[in-house]
>>> print(open('data-v1.pdb').read())   # PDB, C-alpha atoms
ATOM      1  CA  MET A   1      13.266  10.173   2.704
ATOM      2  CA  VAL A   2      13.843  13.556   1.067
ATOM      3  CA  LYS A   3      11.520  16.510   0.752
ATOM      4  CA  TYR A   4      11.643  18.797  -2.289
ATOM      5  CA  THR A   5       9.786  22.080  -2.479
ATOM      6  CA  GLY A   6       9.110  24.017  -5.661
ATOM      7  CA  ILE A   7       9.059  27.807  -5.813
ATOM      8  CA  THR A   8       5.333  28.008  -6.481
ATOM      9  CA  MET A   9       3.640  25.035  -4.873
ATOM     10  CA  GLN A  10       1.240  23.396  -7.342
ATOM     11  CA  GLY A  11       0.328  20.440  -5.177
ATOM     12  CA  LYS A  12       1.621  17.836  -2.753
ATOM     13  CA  VAL A  13       2.698  14.533  -4.322
ATOM     14  CA  LEU A  14       3.877  11.373  -2.592
ATOM     15  CA  VAL A  15       6.099   9.090  -4.698
ATOM     16  CA  ILE A  16       6.315   5.462  -3.522
ATOM     17  CA  GLU A  17       9.074   3.896  -5.600
ATOM     18  CA  ASP A  18      11.931   1.624  -4.482
ATOM     19  CA  ILE A  19      14.193   2.342  -7.460
ATOM     20  CA  LYS A  20      16.028   5.442  -6.238
ATOM     21  CA  GLU A  21      17.136   6.642  -9.677
ATOM     22  CA  LEU A  22      13.567   6.588 -10.972
ATOM     23  CA  ALA A  23      12.164   8.209  -7.834
ATOM     24  CA  ASP A  24      14.779  10.971  -8.120
ATOM     25  CA  LEU A  25      13.944  11.526 -11.805
ATOM     26  CA  VAL A  26      10.205  11.789 -11.166
ATOM     27  CA  THR A  27      10.822  14.075  -8.207
ATOM     28  CA  LEU A  28      13.114  16.314 -10.270
ATOM     29  CA  TYR A  29      10.501  16.843 -12.975
ATOM     30  CA  LEU A  30       7.705  17.458 -10.470
ATOM     31  CA  LYS A  31       9.911  19.893  -8.547
ATOM     32  CA  LYS A  32      10.598  21.862 -11.737
ATOM     33  CA  GLU A  33       6.843  22.235 -12.211
ATOM     34  CA  GLY A  34       6.374  23.592  -8.690
ATOM     35  CA  PHE A  35       5.142  20.516  -6.845
ATOM     36  CA  GLU A  36       6.058  19.652  -3.266
ATOM     37  CA  VAL A  37       7.221  16.045  -3.217
ATOM     38  CA  PHE A  38       8.078  13.359  -0.713
ATOM     39  CA  ALA A  39       9.701  10.169  -2.004
ATOM     40  CA  VAL A  40       9.696   6.919  -0.004
ATOM     41  CA  GLU A  41      10.756   3.394  -0.885
ATOM     42  CA  SER A  42       7.954   1.276   0.604
ATOM     43  CA  GLY A  43       4.245   1.226   1.306
ATOM     44  CA  GLU A  44       4.935   1.025   5.029
ATOM     45  CA  GLU A  45       6.928   4.280   4.858
ATOM     46  CA  GLY A  46       4.113   5.776   2.810
ATOM     47  CA  PHE A  47       1.529   5.138   5.522
ATOM     48  CA  ILE A  48       3.801   6.596   8.190
ATOM     49  CA  LEU A  49       4.291   9.759   6.139
ATOM     50  CA  ILE A  50       0.607  10.159   5.294
ATOM     51  CA  GLU A  51      -0.269  10.361   9.000
ATOM     52  CA  GLY A  52       1.452  13.726   9.299
ATOM     53  CA  TRP A  53       1.508  15.012   5.712
ATOM     54  CA  GLU A  54      -1.575  14.751   3.552
ATOM     55  CA  PRO A  55      -0.624  14.363  -0.122
ATOM     56  CA  GLU A  56      -3.007  15.477  -2.850
ATOM     57  CA  LEU A  57      -1.865  12.678  -5.164
ATOM     58  CA  ILE A  58       0.167   9.475  -4.854
ATOM     59  CA  ILE A  59       2.427   8.009  -7.545
ATOM     60  CA  LEU A  60       2.670   4.317  -6.720
ATOM     61  CA  ASP A  61       4.838   1.466  -7.966
ATOM     62  CA  ILE A  62       3.438  -2.077  -7.669
ATOM     63  CA  ASN A  63       6.639  -4.063  -7.126
ATOM     64  CA  LEU A  64       7.691  -2.816  -3.691
ATOM     65  CA  PRO A  65       9.596  -4.494  -0.855
ATOM     66  CA  GLY A  66       7.325  -5.789   1.904
ATOM     67  CA  MET A  67       3.796  -4.578   1.226
ATOM     68  CA  ASP A  68       3.327  -4.423  -2.543
ATOM     69  CA  GLY A  69       1.616  -1.533  -4.292
ATOM     70  CA  LEU A  70      -1.740  -3.253  -4.768
ATOM     71  CA  GLU A  71      -1.935  -4.151  -1.077
ATOM     72  CA  PHE A  72      -1.040  -0.565  -0.186
ATOM     73  CA  LEU A  73      -3.747   0.758  -2.497
ATOM     74  CA  GLN A  74      -6.397  -1.605  -1.152
ATOM     75  CA  LYS A  75      -5.716  -0.510   2.438
ATOM     76  CA  PHE A  76      -5.409   3.161   1.483
ATOM     77  CA  ARG A  77      -8.761   3.180  -0.329
ATOM     78  CA  LYS A  78     -10.598   2.156   2.848
ATOM     79  CA  ASN A  79     -10.052   5.625   4.309
ATOM     80  CA  SER A  80      -9.135   7.978   1.473
ATOM     81  CA  ASN A  81     -10.326   9.116  -1.942
ATOM     82  CA  THR A  82      -7.010  10.851  -2.749
ATOM     83  CA  PRO A  83      -6.029  10.204  -6.400
ATOM     84  CA  VAL A  84      -3.516   7.415  -6.995
ATOM     85  CA  LEU A  85      -1.507   7.060 -10.189
ATOM     86  CA  ILE A  86       0.142   3.653 -10.625
ATOM     87  CA  VAL A  87       3.468   3.565 -12.481
ATOM     88  CA  SER A  88       4.582  -0.001 -13.087
ATOM     89  CA  ALA A  89       6.610  -2.260 -15.372
ATOM     90  CA  ARG A  90       3.752  -4.754 -15.168
ATOM     91  CA  ASP A  91       1.869  -4.006 -18.367
ATOM     92  CA  SER A  92      -0.579  -6.890 -18.797
ATOM     93  CA  ASP A  93      -4.297  -6.189 -19.107
ATOM     94  CA  GLU A  94      -4.866  -8.183 -15.927
ATOM     95  CA  ASP A  95      -2.481  -5.997 -13.923
ATOM     96  CA  GLN A  96      -4.051  -2.796 -15.207
ATOM     97  CA  ILE A  97      -7.591  -4.023 -14.589
ATOM     98  CA  SER A  98      -6.606  -5.139 -11.100
ATOM     99  CA  GLY A  99      -5.020  -1.770 -10.289
ATOM    100  CA  LEU A 100      -7.957   0.219 -11.589
ATOM    101  CA  GLY A 101     -10.400  -2.157  -9.953
ATOM    102  CA  ILE A 102      -9.110  -1.583  -6.443
ATOM    103  CA  GLY A 103      -8.949   2.170  -6.760
ATOM    104  CA  ALA A 104      -6.205   3.573  -9.005
ATOM    105  CA  ASP A 105      -7.210   6.652 -10.998
ATOM    106  CA  GLU A 106      -4.576   6.146 -13.704
ATOM    107  CA  TYR A 107      -2.184   3.374 -14.729
ATOM    108  CA  ILE A 108       1.042   4.183 -16.594
ATOM    109  CA  THR A 109       3.458   1.505 -17.747
ATOM    110  CA  LYS A 110       7.255   1.762 -17.609
ATOM    111  CA  PRO A 111       9.223   3.044 -19.403
ATOM    112  CA  PHE A 112       7.448   6.388 -19.612
ATOM    113  CA  SER A 113       8.154  10.004 -20.447
ATOM    114  CA  PRO A 114       8.585  12.119 -17.285
ATOM    115  CA  LYS A 115       6.926  15.019 -19.112
ATOM    116  CA  VAL A 116       3.886  12.867 -19.866
ATOM    117  CA  LEU A 117       3.784  11.739 -16.233
ATOM    118  CA  VAL A 118       3.740  15.350 -15.041
ATOM    119  CA  ALA A 119       0.927  16.089 -17.507
ATOM    120  CA  ARG A 120      -1.055  13.144 -16.133
ATOM    121  CA  VAL A 121      -0.481  14.368 -12.583
ATOM    122  CA  ARG A 122      -1.794  17.807 -13.510
ATOM    123  CA  ALA A 123      -4.827  16.348 -15.294
ATOM    124  CA  VAL A 124      -5.772  14.052 -12.406
ATOM    125  CA  LEU A 125      -5.356  16.822  -9.824
ATOM    126  CA  ARG A 126      -7.384  19.223 -11.953
ATOM    127  CA  ARG A 127     -10.280  16.777 -12.188
ATOM    128  CA  PHE A 128     -10.134  15.882  -8.515
ATOM    129  CA  ARG A 129      -9.970  19.487  -7.318
ATOM    130  CA  THR A 130     -12.860  20.497  -9.559
ATOM    131  CA  PHE A 131     -15.055  17.682  -8.276
ATOM    132  CA  ASP A 132     -14.009  18.054  -4.653
ATOM    133  CA  SER A 133     -14.480  21.830  -4.373
ATOM    134  CA  GLN A 134     -18.026  22.216  -5.614
ATOM    135  CA  GLU A 135     -20.889  23.054  -3.269
ATOM    136  CA  PHE A 136     -23.815  20.643  -3.046
ATOM    137  CA  ASP A 137     -27.453  21.762  -3.043
ATOM    138  CA  GLU A 138     -30.192  19.126  -3.219
ATOM    139  CA  LYS A 139     -32.758  21.806  -4.102
ATOM    140  CA  LYS A 140     -31.076  22.611  -7.407
ATOM    141  CA  GLU A 141     -32.838  21.500 -10.566
ATOM    142  CA  ASN A 142     -29.797  20.061 -12.330
ATOM    143  CA  VAL A 143     -29.727  16.883 -10.271
ATOM    144  CA  PHE A 144     -30.758  13.266 -10.790
ATOM    145  CA  ARG A 145     -32.531  11.336  -8.038
ATOM    146  CA  PHE A 146     -32.741   7.570  -7.759
ATOM    147  CA  GLY A 147     -33.615   5.676  -4.601
ATOM    148  CA  PRO A 148     -31.923   7.401  -1.662
ATOM    149  CA  TYR A 149     -29.321   8.984  -3.972
ATOM    150  CA  VAL A 150     -28.971  12.463  -5.422
ATOM    151  CA  LEU A 151     -26.419  13.123  -8.164
ATOM    152  CA  ASP A 152     -25.603  16.801  -8.663
ATOM    153  CA  TYR A 153     -24.426  17.391 -12.250
ATOM    154  CA  ASP A 154     -23.104  20.889 -11.479
ATOM    155  CA  ALA A 155     -21.169  19.981  -8.332
ATOM    156  CA  TYR A 156     -20.116  16.499  -9.479
ATOM    157  CA  ILE A 157     -21.274  15.118  -6.128
ATOM    158  CA  LEU A 158     -23.268  12.054  -5.125
ATOM    159  CA  LYS A 159     -25.104  11.904  -1.816
ATOM    160  CA  LYS A 160     -27.113   9.226  -0.096
ATOM    161  CA  ASP A 161     -29.640  10.438   2.477
ATOM    162  CA  GLY A 162     -27.653  13.653   2.778
ATOM    163  CA  GLU A 163     -24.251  11.989   3.244
ATOM    164  CA  ARG A 164     -21.648  12.444   0.545
ATOM    165  CA  ILE A 165     -20.260   9.364  -1.223
ATOM    166  CA  PRO A 166     -16.725   9.979  -2.561
ATOM    167  CA  LEU A 167     -16.372   9.361  -6.296
ATOM    168  CA  SER A 168     -13.311   9.565  -8.490
ATOM    169  CA  ALA A 169     -13.572  11.548 -11.718
ATOM    170  CA  LYS A 170     -14.144   8.458 -13.865
ATOM    171  CA  GLU A 171     -16.597   6.942 -11.378
ATOM    172  CA  TYR A 172     -18.613  10.126 -11.529
ATOM    173  CA  GLY A 173     -18.356  10.162 -15.327
ATOM    174  CA  CYS A 174     -19.695   6.617 -15.685
ATOM    175  CA  LEU A 175     -22.554   7.215 -13.267
ATOM    176  CA  ALA A 176     -23.471  10.538 -14.874
ATOM    177  CA  TRP A 177     -23.469   8.928 -18.320
ATOM    178  CA  LEU A 178     -25.803   6.168 -17.148
ATOM    179  CA  THR A 179     -28.164   8.601 -15.424
ATOM    180  CA  GLU A 180     -28.293  10.833 -18.488
ATOM    181  CA  HIS A 181     -29.400   7.791 -20.484
ATOM    182  CA  CYS A 182     -31.505   6.310 -17.709
ATOM    183  CA  GLY A 183     -33.417   3.182 -18.638
ATOM    184  CA  LYS A 184     -31.547   2.668 -21.901
ATOM    185  CA  PRO A 185     -28.982  -0.118 -22.292
ATOM    186  CA  MET A 186     -25.614   1.460 -23.070
ATOM    187  CA  ASN A 187     -22.904  -0.680 -24.636
ATOM    188  CA  VAL A 188     -19.357  -0.595 -23.323
ATOM    189  CA  GLU A 189     -17.931   1.192 -26.352
ATOM    190  CA  THR A 190     -20.498   3.992 -26.086
ATOM    191  CA  ILE A 191     -19.782   4.481 -22.381
ATOM    192  CA  TYR A 192     -16.032   4.471 -22.994
ATOM    193  CA  ASN A 193     -16.278   7.007 -25.822
ATOM    194  CA  GLY A 194     -18.540   9.247 -23.746
ATOM    195  CA  VAL A 195     -16.506   9.182 -20.538
ATOM    196  CA  TRP A 196     -12.897   8.615 -21.651
ATOM    197  CA  LYS A 197     -13.187  10.649 -24.867
ATOM    198  CA  ASN A 198     -10.979   8.113 -26.670
ATOM    199  CA  ASN A 199      -7.890   9.391 -24.871
ATOM    200  CA  TYR A 200      -6.271   6.096 -23.898
ATOM    201  CA  GLY A 201      -7.007   2.786 -22.224
ATOM    202  CA  ASP A 202      -9.182  -0.101 -23.346
ATOM    203  CA  LEU A 203     -12.841  -1.047 -23.178
ATOM    204  CA  THR A 204     -12.370  -3.489 -20.304
ATOM    205  CA  THR A 205     -11.773  -0.443 -18.093
ATOM    206  CA  VAL A 206     -15.511   0.310 -18.226
ATOM    207  CA  ALA A 207     -16.378  -2.948 -16.456
ATOM    208  CA  VAL A 208     -13.813  -2.139 -13.770
ATOM    209  CA  TYR A 209     -15.444   1.205 -13.000
ATOM    210  CA  ILE A 210     -18.936  -0.249 -13.097
ATOM    211  CA  GLN A 211     -17.864  -2.718 -10.414
ATOM    212  CA  ARG A 212     -16.391   0.118  -8.349
ATOM    213  CA  LEU A 213     -19.656   2.045  -8.592
ATOM    214  CA  ARG A 214     -21.701  -0.992  -7.629
ATOM    215  CA  LYS A 215     -19.596  -1.447  -4.500
ATOM    216  CA  LYS A 216     -20.439   2.123  -3.519
ATOM    217  CA  ILE A 217     -24.174   2.298  -4.288
ATOM    218  CA  GLU A 218     -25.522  -1.253  -4.252
ATOM    219  CA  GLU A 219     -26.386  -3.149  -1.089
ATOM    220  CA  ASP A 220     -25.440  -6.373  -2.890
ATOM    221  CA  PRO A 221     -22.978  -5.594  -5.719
ATOM    222  CA  ALA A 222     -23.280  -9.153  -7.027
ATOM    223  CA  ASN A 223     -27.035  -8.632  -7.501
ATOM    224  CA  PRO A 224     -27.296  -4.940  -8.402
ATOM    225  CA  ALA A 225     -30.601  -3.142  -8.185
ATOM    226  CA  TYR A 226     -29.595   0.116  -9.877
ATOM    227  CA  ILE A 227     -26.757  -0.560 -12.341
ATOM    228  CA  GLU A 228     -28.022  -3.556 -14.275
ATOM    229  CA  THR A 229     -26.149  -5.712 -16.755
ATOM    230  CA  VAL A 230     -28.133  -6.169 -19.965
ATOM    231  CA  HIS A 231     -26.612  -9.276 -21.490
ATOM    232  CA  GLY A 232     -25.274  -8.703 -24.975
ATOM    233  CA  MET A 233     -26.015  -4.980 -24.774
ATOM    234  CA  GLY A 234     -24.113  -3.410 -21.873
ATOM    235  CA  TYR A 235     -25.318  -1.599 -18.765
ATOM    236  CA  ARG A 236     -28.483   0.243 -17.797
ATOM    237  CA  LEU A 237     -29.430   2.426 -14.842
ATOM    238  CA  ASN A 238     -32.736   1.396 -13.250
ATOM    239  CA  ALA A 239     -33.850   4.463 -11.310
ATOM    240  CA  ASN A 240     -37.098   2.818 -10.262
ATOM    241  CA  ALA A 241     -35.498  -0.102  -8.463
ATOM    242  CA  ASN A 242     -36.643  -0.747  -4.938
ATOM    243  CA  SER A 243     -33.794   0.254  -2.672
ATOM    244  CA  ARG A 244     -32.487  -2.550  -0.542
ATOM    245  CA  GLY A 245     -30.059  -0.256   1.265
TER     246      GLY A 245
END
>>> encode(input="data-v1.pdb", output="C-alpha cells")
Amino acid sequence: MVKYTGITMQGKVLVIEDIKELADLVTLYLKKEGFEVFAVESGEEGFILIEGWEPELIILDINLPGMDGLEFLQKFRKNSNTPVLIVSARDSDEDQISGLGIGADEYITKPFSPKVLVARVRAVLRRFRTFDSQEFDEKKENVFRFGPYVLDYDAYILKKDGERIPLSAKEYGCLAWLTEHCGKPMNVETIYNGVWKNNYGDLTTVAVYIQRLRKKIEEDPANPAYIETVHGMGYRLNANANSRG
C-alpha cells in the first residue's frame, strides 16, 4: 500500500484495484491534480484502511481477489454515504444496473481515459460536497413536506422526523423531480432528461434509483406508499399517502 500526496490537496481518494499498473496510472493522474490517494489491492485491505483514514471518494474495481467489488460496496453502504465510482471491465447493462442499484454513484467501463476519470471524480465530489455542506432549516419556505419527511430544496437534504436521511446526488435529484411534479405520473425518459441532463447512461438507471429511494423512505419498498408505479406511464409521488413508517 502506497500513499501519494499532491501539493494542494483537492480530496482524499481510495483506489481499490488489483491490477497494479492500472492502480499506479490512476494514482499518478489523481496526484497530478492534487488529490491524496491510497491504493490497495483488495476489499479487505480497503476496510482496514478506512478505519483510520476516511476517504472522500472510492474508486472501486469489481473483479477483486477474495471479496469482490459488489460485496464490498454492499457492506460499505450499510454505514457510509461516501461516493463510490466503479471502474470495471464488466460492461453489460446487468452489471451496471447491479452496481448502481447497490449504491455506486458512477459506473465507468474499462478501458477509459484517465483524464475523463479525474473529471468524473471532480464532478462527483463537487456534487457530494455541495449537498453535504448545506444547513437544514425546516422553517424555510422552499421545502416540500410529505408524511414524516421534509425535503429542503436549498440545502439538498431530506429529513424524517428531524433525522437526516443520507441521499446521493442522483437520489436527491430523482426525489426532487418527483416532488416538483407531485401527483403527476412522470415517464422514465422525462425523469432521466430532467435529472441526468442527457449526459450519459441509459433509461434503466432511473428504475435503479427509484428502488434505492424506496428502500430509504418506504416502510415496505415492495408496496410503496409514496413513490408509486403508474403502469405504462412511469412514477408518481403520492404526498397524501398514509405513512406506514
>>> closest_residue(input="data-v1.pdb", among="A:Asn142, A:Thr190, A:Ser92, A:Asn238", to="Ala225 (chain A)", atoms="all atoms listed in the file")
A:Asn238
>>> residues_around(input="data-v1.pdb", residues="region 76-80 of chain A", least_positions_apart="6", cutoff="12 Å", atoms="only C-alpha atoms", output="list of chain:residue names")
A:Gly43, A:Glu44, A:Gly46, A:Phe47, A:Ile48, A:Ile50, A:Glu51, A:Glu54, A:Pro55, A:Glu56, A:Leu57, A:Ile58, A:Leu60, A:Gly69, A:Leu70, A:Gly99, A:Leu100, A:Gly101, A:Ile102, A:Gly103, A:Ala104, A:Asp105, A:Ile165, A:Pro166, A:Leu167, A:Ser168, A:Arg212, A:Lys216
>>> write_last_selection(input="data-v1.pdb", atoms="C-alpha atoms", output="CSV table (one decimal), in the coordinates of the input")
chain,number,residue,atom,x,y,z
A,43,GLY,CA,4.2,1.2,1.3
A,44,GLU,CA,4.9,1.0,5.0
A,46,GLY,CA,4.1,5.8,2.8
A,47,PHE,CA,1.5,5.1,5.5
A,48,ILE,CA,3.8,6.6,8.2
A,50,ILE,CA,0.6,10.2,5.3
A,51,GLU,CA,-0.3,10.4,9.0
A,54,GLU,CA,-1.6,14.8,3.6
A,55,PRO,CA,-0.6,14.4,-0.1
A,56,GLU,CA,-3.0,15.5,-2.8
A,57,LEU,CA,-1.9,12.7,-5.2
A,58,ILE,CA,0.2,9.5,-4.9
A,60,LEU,CA,2.7,4.3,-6.7
A,69,GLY,CA,1.6,-1.5,-4.3
A,70,LEU,CA,-1.7,-3.3,-4.8
A,99,GLY,CA,-5.0,-1.8,-10.3
A,100,LEU,CA,-8.0,0.2,-11.6
A,101,GLY,CA,-10.4,-2.2,-10.0
A,102,ILE,CA,-9.1,-1.6,-6.4
A,103,GLY,CA,-8.9,2.2,-6.8
A,104,ALA,CA,-6.2,3.6,-9.0
A,105,ASP,CA,-7.2,6.7,-11.0
A,165,ILE,CA,-20.3,9.4,-1.2
A,166,PRO,CA,-16.7,10.0,-2.6
A,167,LEU,CA,-16.4,9.4,-6.3
A,168,SER,CA,-13.3,9.6,-8.5
A,212,ARG,CA,-16.4,0.1,-8.3
A,216,LYS,CA,-20.4,2.1,-3.5
>>> residues_around(input="data-v1.pdb", residues="Ala169 (chain A)", least_positions_apart="3", cutoff="7 Å", atoms="all atoms listed in the file", output="NGL selection string")
:A and (127-128 or 172-173)
>>> closest_residue(input="data-v1.pdb", among="A:Thr27, A:Val230, A:Ile108, A:Glu17", to="Ser42 (chain A)", atoms="only C-alpha atoms")
A:Glu17
>>> atom_distance(input="data-v1.pdb", atom1="CA of Leu203 (chain A)", atom2="CA of Glu171 (chain A)")
14.7 Å
>>> closest_residue(input="data-v1.pdb", among="A:Asp91, A:Asp152, A:Glu163, A:Glu228", to="Ala207 (chain A)", atoms="only C-alpha atoms")
A:Glu228
>>> closest_residue(input="data-v1.pdb", among="A:Glu180, A:Glu218, A:Glu94, A:Glu36", to="Phe144 (chain A)", atoms="all atoms listed in the file")
A:Glu180
>>> atom_distance(input="data-v1.pdb", atom1="CA of Lys184 (chain A)", atom2="CA of Val206 (chain A)")
16.6 Å
>>> residues_around(input="data-v1.pdb", residues="His181 (chain A)", least_positions_apart="5", cutoff="12 Å", atoms="only C-alpha atoms", output="list in words")
Phe144, Cys174, Leu175, Ala176, Met186, Asn187, Thr190, Ile191, Gly194, Ile227, Tyr235, Arg236, Leu237, Asn238 and Ala239 of chain A
>>> atom_distance(input="data-v1.pdb", atom1="CA of Gln10 (chain A)", atom2="CA of Tyr107 (chain A)")
21.6 Å
>>> residues_near_point(input="data-v1.pdb", point="(4.0, 0.8, -4.6)", cutoff="9 Å", atoms="all atoms listed in the file", output="list in words")
Val15, Ile16, Glu17, Asp18, Glu41, Ser42, Gly43, Gly46, Ile59, Leu60, Asp61, Ile62, Asn63, Leu64, Pro65, Met67, Asp68, Gly69, Leu70, Glu71, Phe72, Leu73, Ile86, Val87 and Ser88 of chain A
>>> closest_residue(input="data-v1.pdb", among="A:Asn240, A:Ile217, A:Thr109, A:Arg126", to="Leu151 (chain A)", atoms="all atoms listed in the file")
A:Ile217
>>> resolve_selection(input="data-v1.pdb", expression="the PyMOL selection byres ((chain A and resi 205) around 10)", output="ChimeraX atom specification")
/A:93,96-98,100-101,188,192,196,201-204,206-210
>>> residues_near_point(input="data-v1.pdb", point="(4.8, 14.4, -14.4)", cutoff="12 Å", atoms="only C-alpha atoms", output="mmCIF file with C-alpha atoms, in the coordinates of the input")
data_model
loop_
_atom_site.group_PDB
_atom_site.id
_atom_site.type_symbol
_atom_site.label_atom_id
_atom_site.label_comp_id
_atom_site.auth_asym_id
_atom_site.auth_seq_id
_atom_site.Cartn_x
_atom_site.Cartn_y
_atom_site.Cartn_z
ATOM 1 C CA GLN A 10 1.240 23.396 -7.342
ATOM 2 C CA GLY A 11 0.328 20.440 -5.177
ATOM 3 C CA VAL A 13 2.698 14.533 -4.322
ATOM 4 C CA VAL A 15 6.099 9.090 -4.698
ATOM 5 C CA ALA A 23 12.164 8.209 -7.834
ATOM 6 C CA LEU A 25 13.944 11.526 -11.805
ATOM 7 C CA VAL A 26 10.205 11.789 -11.166
ATOM 8 C CA THR A 27 10.822 14.075 -8.207
ATOM 9 C CA LEU A 28 13.114 16.314 -10.270
ATOM 10 C CA TYR A 29 10.501 16.843 -12.975
ATOM 11 C CA LEU A 30 7.705 17.458 -10.470
ATOM 12 C CA LYS A 31 9.911 19.893 -8.547
ATOM 13 C CA LYS A 32 10.598 21.862 -11.737
ATOM 14 C CA GLU A 33 6.843 22.235 -12.211
ATOM 15 C CA GLY A 34 6.374 23.592 -8.690
ATOM 16 C CA PHE A 35 5.142 20.516 -6.845
ATOM 17 C CA VAL A 37 7.221 16.045 -3.217
ATOM 18 C CA LEU A 57 -1.865 12.678 -5.164
ATOM 19 C CA ILE A 58 0.167 9.475 -4.854
ATOM 20 C CA ILE A 59 2.427 8.009 -7.545
ATOM 21 C CA LEU A 85 -1.507 7.060 -10.189
ATOM 22 C CA VAL A 87 3.468 3.565 -12.481
ATOM 23 C CA ILE A 108 1.042 4.183 -16.594
ATOM 24 C CA PHE A 112 7.448 6.388 -19.612
ATOM 25 C CA SER A 113 8.154 10.004 -20.447
ATOM 26 C CA PRO A 114 8.585 12.119 -17.285
ATOM 27 C CA LYS A 115 6.926 15.019 -19.112
ATOM 28 C CA VAL A 116 3.886 12.867 -19.866
ATOM 29 C CA LEU A 117 3.784 11.739 -16.233
ATOM 30 C CA VAL A 118 3.740 15.350 -15.041
ATOM 31 C CA ALA A 119 0.927 16.089 -17.507
ATOM 32 C CA ARG A 120 -1.055 13.144 -16.133
ATOM 33 C CA VAL A 121 -0.481 14.368 -12.583
ATOM 34 C CA ARG A 122 -1.794 17.807 -13.510
ATOM 35 C CA ALA A 123 -4.827 16.348 -15.294
ATOM 36 C CA VAL A 124 -5.772 14.052 -12.406
ATOM 37 C CA LEU A 125 -5.356 16.822 -9.824
#
>>> build_atoms(input="data-v1.pdb", residues="region 91-104 of chain A", atoms="N, CA, C and O atoms", output="mmCIF file, in the coordinates of the input")
data_model
loop_
_atom_site.group_PDB
_atom_site.id
_atom_site.type_symbol
_atom_site.label_atom_id
_atom_site.label_comp_id
_atom_site.auth_asym_id
_atom_site.auth_seq_id
_atom_site.Cartn_x
_atom_site.Cartn_y
_atom_site.Cartn_z
ATOM 1 N N ASP A 91 2.700 -4.650 -17.350
ATOM 2 C CA ASP A 91 1.869 -4.006 -18.367
ATOM 3 C C ASP A 91 0.763 -4.895 -18.921
ATOM 4 O O ASP A 91 0.134 -4.558 -19.930
ATOM 5 N N SER A 92 0.476 -6.019 -18.286
ATOM 6 C CA SER A 92 -0.579 -6.890 -18.797
ATOM 7 C C SER A 92 -1.949 -6.272 -18.531
ATOM 8 O O SER A 92 -2.114 -5.440 -17.624
ATOM 9 N N ASP A 93 -2.932 -6.672 -19.319
ATOM 10 C CA ASP A 93 -4.297 -6.189 -19.107
ATOM 11 C C ASP A 93 -4.776 -6.544 -17.707
ATOM 12 O O ASP A 93 -5.467 -5.745 -17.055
ATOM 13 N N GLU A 94 -4.418 -7.738 -17.244
ATOM 14 C CA GLU A 94 -4.866 -8.183 -15.927
ATOM 15 C C GLU A 94 -4.331 -7.279 -14.821
ATOM 16 O O GLU A 94 -5.060 -6.937 -13.881
ATOM 17 N N ASP A 95 -3.066 -6.882 -14.930
ATOM 18 C CA ASP A 95 -2.481 -5.997 -13.923
ATOM 19 C C ASP A 95 -3.174 -4.634 -13.931
ATOM 20 O O ASP A 95 -3.475 -4.070 -12.871
ATOM 21 N N GLN A 96 -3.410 -4.104 -15.117
ATOM 22 C CA GLN A 96 -4.051 -2.796 -15.207
ATOM 23 C C GLN A 96 -5.483 -2.847 -14.699
ATOM 24 O O GLN A 96 -5.929 -1.948 -13.978
ATOM 25 N N ILE A 97 -6.215 -3.882 -15.055
ATOM 26 C CA ILE A 97 -7.591 -4.023 -14.589
ATOM 27 C C ILE A 97 -7.624 -4.183 -13.075
ATOM 28 O O ILE A 97 -8.475 -3.603 -12.385
ATOM 29 N N SER A 98 -6.679 -4.950 -12.543
ATOM 30 C CA SER A 98 -6.606 -5.139 -11.100
ATOM 31 C C SER A 98 -6.330 -3.820 -10.390
ATOM 32 O O SER A 98 -6.982 -3.479 -9.396
ATOM 33 N N GLY A 99 -5.352 -3.058 -10.905
ATOM 34 C CA GLY A 99 -5.020 -1.770 -10.289
ATOM 35 C C GLY A 99 -6.176 -0.796 -10.320
ATOM 36 O O GLY A 99 -6.502 -0.145 -9.324
ATOM 37 N N LEU A 100 -6.811 -0.679 -11.473
ATOM 38 C CA LEU A 100 -7.957 0.219 -11.589
ATOM 39 C C LEU A 100 -9.122 -0.273 -10.746
ATOM 40 O O LEU A 100 -9.867 0.514 -10.154
ATOM 41 N N GLY A 101 -9.266 -1.590 -10.673
ATOM 42 C CA GLY A 101 -10.400 -2.157 -9.953
ATOM 43 C C GLY A 101 -10.360 -1.917 -8.465
ATOM 44 O O GLY A 101 -11.411 -1.827 -7.821
ATOM 45 N N ILE A 102 -9.175 -1.809 -7.886
ATOM 46 C CA ILE A 102 -9.110 -1.583 -6.443
ATOM 47 C C ILE A 102 -8.876 -0.123 -6.090
ATOM 48 O O ILE A 102 -8.680 0.204 -4.916
ATOM 49 N N GLY A 103 -8.902 0.762 -7.114
ATOM 50 C CA GLY A 103 -8.949 2.170 -6.760
ATOM 51 C C GLY A 103 -7.972 3.113 -7.408
ATOM 52 O O GLY A 103 -7.968 4.305 -7.089
ATOM 53 N N ALA A 104 -7.109 2.634 -8.329
ATOM 54 C CA ALA A 104 -6.205 3.573 -9.005
ATOM 55 C C ALA A 104 -6.993 4.468 -9.957
ATOM 56 O O ALA A 104 -7.967 4.038 -10.566
#
